[in-house]
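Peer 1: Handing you this structure, nothing more for now.
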Amino acid sequence: MDLVTSTAILPLLLGCVGVFSLFKLLQWLRARAYVRNAVVVVTGATSGLGRECARVFHAAGAKLVLCGRNAEALEELTRELAASQATKVQTHKPCTVTFDLAEPGAIVGAAAEILQCFGYVDVLINNAGISYRGTVVDTSLDVDKRVMETNYFGPVALTKALLPSMIRRRQGHVVAISSIQGKISVPFRSAYAASKHATQAFFDCLRAEVEQHDIEVTVVSPGYIHTNLSLNAVTADGSNDGRDHGPGPKPLAGGPRCAGCRGEEKEGCGPGRCGAFPGCLPADSGSQALLQPHGVPGQEGAETQALLVPVRAGGAAARLPHGDRCVCVDWTGSLPHGGGGGGSESRPSRRPPACPAGGGRASSGARGKMQLDLNSRT
Ligand SMILES: NC(=O)C1=CN([C@@H]2O[C@H](COP(=O)(O)OP(=O)(O)OC[C@H]3O[C@@H](n4cnc5c(N)ncnc54)[C@H](OP(=O)(O)O)[C@@H]3O)[C@@H](O)[C@H]2O)C=CC1
Ligand SMILES: CCCCCCCCCCCCCCCC(=O)OCC(=O)COP(=O)(O)O
């Protein structure tokens with residue numbers, strides 16, 4: 001490289017680094033300013049994602065309204081936040097409101113209480129939810145309704161009750177914590193996936209309706225996060241599952257196998273063989289990954305952070321970190337919004353063919369560490 005070229009490249013590089021750093025700094029300042037002193041309502045604040053939201057928003061200076069069913073747990077969280085390490089920004093004592101989202105009659109009163117806390121709401125985070133596990137045929141309709149009440153009708157009712165005040169102020173941000181299961185449907189999670197699909201649709205419609213009032217609507221679609229959600233999952237008869245073997249579709253005993261391998265000892269699909277197996281997803285079947293674990297799935301510390309990746313018609317893709325392989329799960333994945341390349345309905349189930357010999361092995365059920373970072377807001 002001659003002298004002229006090298007002297008031109010160095011300033012250019014430094015300039016790029018400078019612009020990038022400035023952009024990051026502005027992004028950080030914007031996120032901080034957005035949250036500081038904002039009135040943020042978090043439902044399901046006593047556990048998991050909601051608790052983490054409470055911690056992060058409190059530290060960033062938000063005026064929190066913490067909602068949950070358990071008044072004592074909410075008080076304990078308030079004490080914990082008050083005792084947490086001081087940050088540079090001024091923090092505020094949270095307000096708590098206790099109500100059950102699955103009680104339709106409780107929501108209007110709860111919304112009024114929420115508004116009394118600080119007089120208005122800037123951000124509503126519809127986070128509370130329950131999981132469900134069971135077969136369609138065994139699940140009583142009461143259970144379907146309970147999951148829908150908690151995950152869908154409750155948040156919808158609360159949003160409706162708080163919207164008029166946001167519209168009057170021409171300010172507000174409604175957040176719905178949905179799930180990847182709001183985009184794709186998997187067996188044995190019918191009620192949960194249905195509630196999350198409904199959530200996705202409702203809040204997408206809302207976004208289009210309230211844009212004119214300067215109100216923002218965000219749907220968050222996380223992948224697996226290791227919380228109490230699995231422990232508290234309801235089952236077909238309405239009882240609690242009570243098992244915590246990590247969230248998500250579980251491999252059959254003995255490890256992940258192809259859908260056609262139920263009860264057999266053969267494992268895995270070899271490279272290039274995925275297409276033959278409804279239960280096996282190609283490691284890379286398209287330009288967009290559905291699930292993109294960072295780290296080795298199943299391994300402690302693997303980052304399977306929430307992914308907000310649009311589902312593409314034509315194939316669910318899971319890219320594994322250790323090379324291109326099929327990913328075998330014990331169910332036949334159906335795709336939303338036109339699976340199978342162009343059609344508008346999910347693919348009909350096919351009977352899985354016999355399992356191929358040998359091949360790669362991959363683990364489903366990777367767990368994500370949860371850590372929210374307000375700075376990553378774009
Ligand atoms: N964990 C995961 O892998 C994923 C979670 N999500 C979604 O994230 C959200 C939070 O889940 P997560 O933190 O994991 O689960 P947790 O079980 O840890 O927390 C759920 C929270 O919701 C509250 N809640 C449950 N039912 C009701 C109800 N009827 N009325 C009021 N509050 C209620 C719980 O309160 P209580 O203490 O009273 O039970 C609890 O605070 C859910 O909407 C879930 O669907 C999405 C994708 C992945
Ligand atoms: C490396 C893994 C490959 C698996 C590829 C399958 C791709 C599709 C998987 C479906 C993703 C579902 C994401 C679920 C996010 C979510 O809502 O998790 C919570 C639960 O599922 C509820 O927990 P539970 O343990 O009760 O199922």
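Following the order of the structure tokens, first chain is A, next is B, and so on, with residues numbered from 1 inside each chain and ligands from 1 in the order they appear.
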Which residues form the shell of 6 Å around ligand 1 when you count only C-alpha atoms and all ligand atoms, given as a PyMOL selection string?

Peer 2: chain A and resi 44-50+68-70+100-102+127-130+150+177-179+222-229+247

Peer 1: Rounded to one decimal place, report the atom CA of A:Ser140-atom CA of A:Ala236 distance in Å.

Peer 2: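 Pair atom CA of A:Ser140 / atom CA of A:Ala236 returns 6.2 Å.
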
Peer 1: Residues near A:Val136, anyone? I mean within 10 Å using only C-alpha atoms, not counting same-chain ones fewer than 6 positions away, as a list in words.

Peer 2: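 Skipping anything fewer than 6 positions along the chain leaves Asp144, Pro187, Phe188, Arg189, Ser190, Ala191 and Ala236 of chain A.
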
Peer 1: Restricting the calculation to only C-alpha atoms and all ligand atoms: of A:Met166, A:Val89, A:Met148, A:Ala233, which residue gets closest to ligand 2?

Peer 2: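 Result for the nearest residue to ligand 2: A:Ala233.
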
Peer 1: Residues at most 8 Å from stretch 108-123 of chain A, counting only C-alpha atoms, excluding those fewer than 2 positions away in the same chain, as a VMD selection string?

Peer 2: chain A and resid 38 to 41 63 65 95 97 to 99 105 to 106 125 157 to 158 161 to 162 165 to 166 171 to 175

Peer 1: Tell me, which residues of stretch 16-159 of chain A carry DSSP strand (DSSP E), written as an MDAnalysis selection string?

Peer 2: chainID A and resid 39:42 63:68 95:98 123:126 132:133

Peer 1: Figure out the distance between atom 14 (C, counted along the ligand's line) of ligand 2 and atom CA of A:Val35, please, to one decimal in Å.

Peer 2: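 Going from atom CA of A:Val35 over to atom 14 (C, counted along the ligand's line) of ligand 2, I get 27.9 Å.
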
Peer 1: Check the DSSP output for the backbone and give back, as an MDAnalysis selection string, the residues of stretch 31-146 of chain A in helix (DSSP H, G or I).

Peer 2: chainID A and resid 31:35 48:59 71:83 104:118 141:146

Peer 1: Smallest atom-to-atom distance to A:Gln200: which of A:Val56, A:Val186, A:Leu12, A:Val220, using only C-alpha atoms?

Peer 2: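 Of the candidates, the smallest distance to A:Gln200 is held by A:Val220.
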
Peer 1: How many Å lie between atom CA of A:Thr43 and atom CA of A:Thr135, rounded to one decimal?

Peer 2: 28.4 Å
